[in-house]
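Structure data follow from data_32.cif (mmCIF, C-alpha atoms and all ligand atoms):
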data_my_file
#
loop_
_atom_site.label_atom_id
_atom_site.label_comp_id
_atom_site.auth_asym_id
_atom_site.auth_seq_id
_atom_site.Cartn_x
_atom_site.Cartn_y
_atom_site.Cartn_z
CA MET A 1 -30.27 -51.95 24.64
CA PRO A 2 -28.67 -55.37 25.29
CA GLU A 3 -28.56 -56.73 28.84
CA PRO A 4 -25.18 -55.82 30.41
CA ALA A 5 -22.85 -58.79 30.69
CA LEU A 6 -22.01 -57.56 34.16
CA CYS A 7 -23.43 -54.98 36.50
CA PHE A 8 -22.04 -54.09 39.93
CA ARG A 9 -24.26 -51.70 41.89
CA LEU A 10 -23.05 -50.10 45.11
CA VAL A 11 -21.03 -53.17 46.06
CA ALA A 12 -19.41 -52.87 49.49
CA ARG A 13 -17.28 -55.24 51.53
CA ARG A 14 -15.16 -55.01 54.64
CA GLN A 15 -12.26 -57.38 54.96
CA GLY A 16 -9.70 -57.82 57.73
CA GLY A 17 -11.33 -54.97 59.68
CA ARG A 18 -11.19 -52.40 56.90
CA VAL A 19 -13.44 -51.24 54.11
CA VAL A 20 -12.07 -52.65 50.86
CA LEU A 21 -15.04 -51.97 48.58
CA ASP A 22 -17.08 -48.90 49.39
CA GLY A 23 -19.89 -48.73 46.84
CA VAL A 24 -18.54 -50.01 43.54
CA ASP A 25 -20.65 -49.19 40.48
CA LEU A 26 -19.46 -50.76 37.27
CA ALA A 27 -21.00 -52.26 34.15
CA LEU A 28 -19.69 -54.23 31.21
CA ALA A 29 -21.48 -54.58 27.87
CA PRO A 30 -21.40 -57.69 25.69
CA GLY A 31 -18.52 -57.55 23.23
CA GLU A 32 -16.53 -55.16 25.40
CA ILE A 33 -13.12 -55.55 27.05
CA LEU A 34 -12.82 -53.75 30.37
CA GLY A 35 -9.50 -53.41 32.19
CA LEU A 36 -9.76 -53.00 35.95
CA ALA A 37 -6.70 -51.24 37.35
CA GLY A 38 -5.73 -50.24 40.87
CA VAL A 39 -2.75 -50.18 43.20
CA ASN A 40 -1.77 -53.31 45.12
CA GLY A 41 -4.46 -54.05 47.68
CA ALA A 42 -7.04 -51.77 46.02
CA GLY A 43 -9.59 -54.58 46.05
CA LYS A 44 -9.61 -55.79 42.43
CA THR A 45 -9.41 -59.47 43.33
CA THR A 46 -11.94 -58.95 46.14
CA LEU A 47 -14.39 -57.50 43.61
CA LEU A 48 -13.89 -60.50 41.33
CA ARG A 49 -14.26 -62.88 44.28
CA CYS A 50 -17.57 -61.21 45.12
CA LEU A 51 -18.68 -61.62 41.51
CA LEU A 52 -17.83 -65.33 41.60
CA ASP A 53 -19.65 -65.76 44.93
CA PHE A 54 -16.41 -66.83 46.65
CA CYS A 55 -17.19 -64.12 49.19
CA THR A 56 -20.32 -62.16 49.97
CA PRO A 57 -20.66 -58.40 49.62
CA ASP A 58 -21.88 -56.65 52.77
CA SER A 59 -24.26 -54.70 50.56
CA GLY A 60 -24.99 -53.98 46.92
CA ASP A 61 -26.00 -56.08 43.94
CA ILE A 62 -24.17 -57.91 41.21
CA ALA A 63 -25.89 -59.22 38.09
CA ILE A 64 -24.50 -61.38 35.30
CA PHE A 65 -26.53 -60.98 32.13
CA GLY A 66 -29.33 -59.69 34.33
CA VAL A 67 -29.32 -62.66 36.74
CA PRO A 68 -28.33 -62.15 40.41
CA HIS A 69 -24.76 -63.40 40.68
CA ALA A 70 -25.31 -65.73 43.66
CA ARG A 71 -27.58 -68.00 41.62
CA PRO A 72 -25.41 -70.80 40.22
CA ALA A 73 -27.14 -70.42 36.84
CA ALA A 74 -25.91 -66.82 36.65
CA ARG A 75 -22.30 -67.95 36.51
CA ARG A 76 -22.83 -70.55 33.80
CA PRO A 77 -21.99 -68.15 30.92
CA LEU A 78 -18.75 -67.18 32.66
CA ALA A 79 -15.18 -68.50 32.53
CA TYR A 80 -12.70 -67.40 35.20
CA LEU A 81 -8.92 -67.43 35.37
CA PRO A 82 -7.71 -66.77 38.93
CA GLU A 83 -4.76 -64.58 39.80
CA ARG A 84 -2.84 -67.55 41.13
CA PHE A 85 -3.53 -70.37 38.75
CA HIS A 86 -2.25 -73.78 39.91
CA PRO A 87 -3.28 -76.75 37.77
CA PRO A 88 -3.19 -80.12 39.56
CA ALA A 89 0.49 -81.03 39.45
CA HIS A 90 -0.15 -84.69 38.61
CA LEU A 91 -2.16 -83.98 35.46
CA THR A 92 -0.61 -83.48 32.06
CA GLY A 93 -1.57 -80.27 30.29
CA ALA A 94 -3.69 -82.27 27.85
CA GLU A 95 -5.51 -84.06 30.70
CA PHE A 96 -6.14 -80.76 32.42
CA LEU A 97 -7.64 -79.18 29.30
CA ALA A 98 -9.85 -82.22 28.74
CA GLN A 99 -11.05 -82.15 32.37
CA VAL A 100 -11.89 -78.45 32.26
CA LEU A 101 -13.91 -78.88 29.06
CA ALA A 102 -15.71 -81.90 30.56
CA LEU A 103 -16.48 -80.00 33.78
CA HIS A 104 -18.17 -77.33 31.70
CA GLY A 105 -20.08 -79.90 29.67
CA GLN A 106 -18.14 -79.17 26.50
CA ARG A 107 -17.10 -81.93 24.14
CA PRO A 108 -13.42 -82.37 23.33
CA ALA A 109 -12.70 -80.02 20.46
CA PRO A 110 -9.42 -81.13 18.85
CA ALA A 111 -9.42 -78.48 16.12
CA ALA A 112 -10.23 -75.59 18.48
CA THR A 113 -7.74 -76.91 21.03
CA ALA A 114 -5.00 -77.17 18.42
CA ALA A 115 -5.76 -73.64 17.21
CA MET A 116 -5.67 -72.23 20.74
CA LEU A 117 -2.39 -74.01 21.53
CA GLU A 118 -0.94 -72.66 18.32
CA ALA A 119 -2.30 -69.18 19.06
CA LEU A 120 -0.58 -69.21 22.46
CA GLU A 121 2.45 -71.12 21.17
CA LEU A 122 1.96 -73.73 23.85
CA ASP A 123 4.25 -76.55 22.89
CA ALA A 124 2.36 -79.75 22.03
CA ALA A 125 5.15 -81.78 23.66
CA ALA A 126 4.65 -79.80 26.86
CA LEU A 127 1.02 -80.86 26.96
CA ARG A 128 2.17 -84.44 27.36
CA ARG A 129 4.15 -83.53 30.49
CA THR A 130 2.65 -83.19 33.95
CA ALA A 131 2.00 -79.65 35.13
CA ARG A 132 4.58 -79.96 37.91
CA HIS A 133 7.24 -79.65 35.22
CA TYR A 134 5.86 -76.42 33.78
CA SER A 135 7.56 -73.04 33.99
CA LYS A 136 5.53 -70.10 35.33
CA GLY A 137 4.84 -68.80 31.84
CA MET A 138 3.80 -72.21 30.55
CA THR A 139 1.49 -72.67 33.52
CA GLN A 140 -0.12 -69.32 32.79
CA LYS A 141 -0.51 -70.21 29.12
CA LEU A 142 -2.21 -73.46 30.12
CA GLY A 143 -4.62 -71.53 32.32
CA LEU A 144 -5.35 -69.08 29.52
CA ALA A 145 -5.89 -71.87 27.01
CA ALA A 146 -8.23 -73.71 29.38
CA THR A 147 -10.21 -70.53 30.08
CA LEU A 148 -10.42 -69.14 26.56
CA LEU A 149 -11.26 -72.54 25.06
CA LEU A 150 -14.49 -72.53 27.02
CA ASP A 151 -17.34 -71.35 24.88
CA LYS A 152 -18.62 -68.56 27.13
CA ARG A 153 -20.18 -65.14 26.81
CA LEU A 154 -18.08 -63.62 29.59
CA TYR A 155 -14.43 -64.09 30.56
CA VAL A 156 -13.11 -62.87 33.89
CA LEU A 157 -9.32 -62.86 33.97
CA ASP A 158 -7.37 -61.84 37.07
CA GLU A 159 -3.92 -60.62 36.00
CA PRO A 160 -3.94 -62.91 32.97
CA ALA A 161 -0.64 -61.72 31.51
CA SER A 162 1.31 -62.24 34.72
CA GLY A 163 4.46 -64.24 34.06
CA LEU A 164 4.16 -64.02 30.28
CA ASP A 165 7.10 -62.84 28.21
CA PRO A 166 6.51 -60.00 25.69
CA LYS A 167 5.86 -62.41 22.83
CA ALA A 168 3.41 -64.44 24.90
CA ARG A 169 1.67 -61.21 25.97
CA ALA A 170 1.12 -60.31 22.34
CA LEU A 171 -0.29 -63.78 21.66
CA PHE A 172 -2.54 -63.53 24.71
CA LYS A 173 -3.89 -60.16 23.54
CA ARG A 174 -4.68 -61.60 20.14
CA ALA A 175 -6.50 -64.55 21.73
CA VAL A 176 -8.59 -62.19 23.89
CA LEU A 177 -9.45 -60.01 20.87
CA ALA A 178 -10.62 -63.15 19.07
CA ARG A 179 -13.06 -63.86 21.93
CA ARG A 180 -14.35 -60.31 21.69
CA ALA A 181 -14.72 -60.66 17.93
CA ALA A 182 -16.93 -63.66 18.68
CA GLY A 183 -19.14 -61.37 20.80
CA ALA A 184 -17.85 -62.19 24.28
CA ALA A 185 -17.29 -59.67 27.05
CA VAL A 186 -14.00 -59.66 28.97
CA LEU A 187 -13.22 -58.24 32.40
CA LEU A 188 -9.54 -58.38 33.24
CA THR A 189 -7.32 -56.93 35.93
CA SER A 190 -3.81 -55.81 35.16
CA HIS A 191 -0.96 -53.70 36.45
CA ALA A 192 0.37 -53.46 32.90
CA LEU A 193 -1.27 -50.21 31.83
CA ALA A 194 0.27 -50.44 28.37
CA ASP A 195 -1.60 -53.73 27.89
CA ILE A 196 -4.83 -52.14 29.10
CA GLY A 197 -4.32 -49.19 26.77
CA GLU A 198 -3.72 -51.48 23.83
CA LEU A 199 -6.34 -54.13 24.51
CA CYS A 200 -9.21 -52.65 26.45
CA ASP A 201 -12.18 -50.64 25.23
CA ARG A 202 -12.48 -49.17 28.72
CA ILE A 203 -10.38 -48.79 31.81
CA ALA A 204 -11.88 -48.60 35.31
CA ILE A 205 -9.64 -47.47 38.15
CA LEU A 206 -10.52 -48.77 41.61
CA HIS A 207 -9.14 -46.66 44.43
CA GLY A 208 -10.23 -46.04 48.01
CA GLY A 209 -12.97 -48.63 47.56
CA ARG A 210 -14.64 -46.89 44.61
CA ILE A 211 -14.34 -46.60 40.87
CA ARG A 212 -12.52 -43.27 40.44
CA PHE A 213 -12.43 -43.36 36.66
CA ASP A 214 -14.44 -45.32 34.10
CA GLY A 215 -14.01 -44.56 30.42
CA THR A 216 -11.81 -45.23 27.43
CA PRO A 217 -8.03 -45.16 27.86
CA ALA A 218 -7.98 -42.08 25.59
CA GLN A 219 -10.51 -40.30 27.82
CA CYS A 220 -8.44 -41.21 30.88
CA ILE A 221 -5.33 -39.73 29.30
CA ALA A 222 -7.16 -36.62 28.08
CA ARG A 223 -8.65 -35.98 31.51
CA PHE A 224 -5.79 -36.88 33.82
CA ALA A 225 -2.52 -36.93 31.90
CA ALA A 226 -2.92 -34.03 29.50
CA PRO A 227 -3.57 -31.33 32.15
CA ALA A 228 -0.42 -32.33 34.02
CA ALA A 229 1.58 -32.01 30.83
CA ALA A 230 -0.04 -28.66 30.04
CA ALA A 231 0.29 -27.32 33.58
CA GLY A 232 3.95 -26.57 33.36
CA ALA A 233 5.77 -29.90 33.32
CA THR A 234 9.14 -29.31 31.72
CA THR A 235 9.84 -31.06 28.44
CA SER A 236 12.25 -33.42 30.15
CA ASP A 237 9.72 -34.16 32.93
CA ALA A 238 7.04 -34.80 30.36
CA THR A 239 9.29 -36.98 28.26
CA ALA A 240 10.40 -38.94 31.30
CA ALA A 241 6.76 -39.53 32.20
CA GLY A 242 6.01 -40.62 28.66
CA ALA A 243 3.76 -37.61 28.19
CA ALA A 244 5.48 -36.04 25.23
CA ARG A 245 3.24 -37.68 22.64
CA PRO A 246 -0.50 -37.75 23.23
CA GLY A 247 -1.57 -41.38 23.40
CA ALA A 248 1.91 -42.72 24.17
CA PRO A 249 1.79 -45.77 26.46
CA GLY A 250 3.33 -43.77 29.33
CA ASP A 251 0.42 -41.33 29.24
CA LEU A 252 -1.97 -43.88 30.66
CA GLU A 253 0.49 -44.58 33.46
CA GLN A 254 0.72 -40.86 34.18
CA ALA A 255 -3.08 -40.57 34.15
CA PHE A 256 -3.38 -43.57 36.47
CA LEU A 257 -0.90 -42.03 38.90
CA SER A 258 -2.95 -38.81 38.93
CA VAL A 259 -6.14 -40.74 39.68
CA VAL A 260 -4.64 -42.68 42.60
CA ALA A 261 -2.54 -39.79 43.97
N1 LIG B 1 -9.16 -63.14 53.07
C1 LIG B 1 -8.80 -61.90 53.44
N2 LIG B 1 -8.92 -61.51 54.73
C2 LIG B 1 -8.57 -60.27 55.11
N3 LIG B 1 -8.10 -59.33 54.28
C3 LIG B 1 -7.95 -59.67 52.98
C4 LIG B 1 -8.30 -60.96 52.48
N4 LIG B 1 -8.08 -60.99 51.15
C5 LIG B 1 -7.60 -59.77 50.83
N5 LIG B 1 -7.54 -58.98 51.91
C6 LIG B 1 -7.12 -57.59 51.95
O1 LIG B 1 -8.08 -56.88 51.17
C7 LIG B 1 -7.44 -55.85 50.45
C8 LIG B 1 -7.74 -56.02 48.98
O2 LIG B 1 -7.03 -57.13 48.48
P1 LIG B 1 -7.15 -57.58 46.97
O3 LIG B 1 -6.36 -58.84 46.84
O4 LIG B 1 -8.57 -57.60 46.58
O5 LIG B 1 -6.44 -56.37 46.21
P2 LIG B 1 -5.89 -56.31 44.71
O6 LIG B 1 -6.30 -54.98 44.19
O7 LIG B 1 -6.33 -57.49 43.94
O8 LIG B 1 -4.33 -56.34 44.98
P3 LIG B 1 -3.09 -56.83 44.05
O9 LIG B 1 -3.00 -55.83 42.93
O10 LIG B 1 -1.93 -56.73 44.98
O11 LIG B 1 -3.38 -58.22 43.58
C9 LIG B 1 -5.98 -55.93 50.80
O12 LIG B 1 -5.71 -55.01 51.82
C10 LIG B 1 -5.81 -57.35 51.30
O13 LIG B 1 -4.75 -57.44 52.21
#

When written as structure tokens, how does the structure in this file appear?
Amino acid sequence: MPEPALCFRLVARRQGGRVVLDGVDLALAPGEILGLAGVNGAGKTTLLRCLLDFCTPDSGDIAIFGVPHARPAARRPLAYLPERFHPPAHLTGAEFLAQVLALHGQRPAPAATAAMLEALELDAAALRRTARHYSKGMTQKLGLAATLLLDKRLYVLDEPASGLDPKARALFKRAVLARRAAGAAVLLTSHALADIGELCDRIAILHGGRIRFDGTPAQCIARFAAPAAAAGATTSDATAAGAARPGAPGDLEQAFLSVVA
């Protein structure tokens, strides 16, 4: 069995006087896309911050490809896009991309860069402008391009589709699938359950400090959305909740709401 790309074991952390993570167990296999969902404040970003060693768990273990996460070498195969991505305002997009590649010891890769910019429809003219002139969506696309251009085995993306329009979301999903096709693992957080349902092999729902569900989106729907539909929801209720057709995007939302109720 291949070494998991990521393994959280009983990770706990208190923050601001309250327990945010209360024994999180979660694993991610190479070549897998895992969507981490949870209500606002559930602790998704805190879990990622623990993984990146930006904060220290009170207890538990985290391993990246079998190496304890706090060792700098453990994080070398990993690229991270933070929830609030702010490129240096004085750099042009092109300068920023070049600096990120250099920081990670990667040579400039004009062909790969051009392909990524095309894949995300990031305007070449925009790359010549400084980041202070970017819209929110363009800034996010720049962050995605910089992250996904890195040749890594693991991508950790905190709300990567935030601020993207529907077309850009579709492009982003295609770019992530291309990384998976190349064998990489992806851990992403999102409030867009339709995106998780479409993109992710598995969904993990963090609630009350623990992972309350971990499985495929279809399993989540079958376990948590289907019973509600079968247990006497009227047709109009079910339709309103998106539960009329098994596997409809609204089903995952309904299942999620059952898990966090
Ligand atoms: N530095 C901090 N000090 C104290 N409390 C914090 C700190 N950072 C986050 N918190 C609190 O920890 C909890 C978890 O926050 P976190 O940002 O991890 O949640 P999240 O699931 O990512 O939320 P969202 O979906 O809104 O981004 C929240 O109650 C938050 O207010």

Please identify every polymer residue within 9 Å of ligand LIG 1 (chain B), using only C-alpha atoms and all ligand atoms, and present the set as an NGL selection string. :A and (14-21 or 37-49 or 55 or 83 or 158-159 or 189-191 or 206-207)

Within 8 Å of Val186 of chain A, counting all atoms listed in the file, which residues qualify if same-chain residues fewer than 6 places away don't, as a ChimeraX atom specification? /A:31-34,154-157,176,180

Close residues, Pro30 of chain A itself excluded, 9 Å, all atoms listed in the file, min 4 positions apart in chain, as an mmCIF file with C-alpha atoms, keeping the file's coordinate frame:
data_model
loop_
_atom_site.group_PDB
_atom_site.id
_atom_site.type_symbol
_atom_site.label_atom_id
_atom_site.label_comp_id
_atom_site.auth_asym_id
_atom_site.auth_seq_id
_atom_site.Cartn_x
_atom_site.Cartn_y
_atom_site.Cartn_z
ATOM 1 C CA PRO A 2 -28.670 -55.370 25.290
ATOM 2 C CA GLU A 3 -28.560 -56.730 28.840
ATOM 3 C CA PRO A 4 -25.180 -55.820 30.410
ATOM 4 C CA ALA A 5 -22.850 -58.790 30.690
ATOM 5 C CA LEU A 6 -22.010 -57.560 34.160
ATOM 6 C CA PHE A 65 -26.530 -60.980 32.130
ATOM 7 C CA ARG A 153 -20.180 -65.140 26.810
ATOM 8 C CA LEU A 154 -18.080 -63.620 29.590
ATOM 9 C CA ARG A 180 -14.350 -60.310 21.690
ATOM 10 C CA GLY A 183 -19.140 -61.370 20.800
ATOM 11 C CA ALA A 184 -17.850 -62.190 24.280
ATOM 12 C CA ALA A 185 -17.290 -59.670 27.050
ATOM 13 C CA VAL A 186 -14.000 -59.660 28.970
#

Atom CA of Ala168 of chain A to atom CA of Leu97 of chain A: how many Å, to one decimal?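 Distance reported for this atom pair: 18.9 Å.
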
Identify which of the residues A:Lys152, A:Arg132, A:Lys141, A:Arg13 lies closest to Gly105 of chain A, counting only C-alpha atoms when measuring atom-to-atom distances.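 Once distances to Gly105 of chain A are computed over only C-alpha atoms, the minimum belongs to A:Lys152.
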
Between atom CA of Leu78 of chain A and atom CA of Ala94 of chain A, measure the distance and give it in Å to one decimal.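 Computed distance, atom CA of Leu78 of chain A to atom CA of Ala94 of chain A, equals 21.9 Å.
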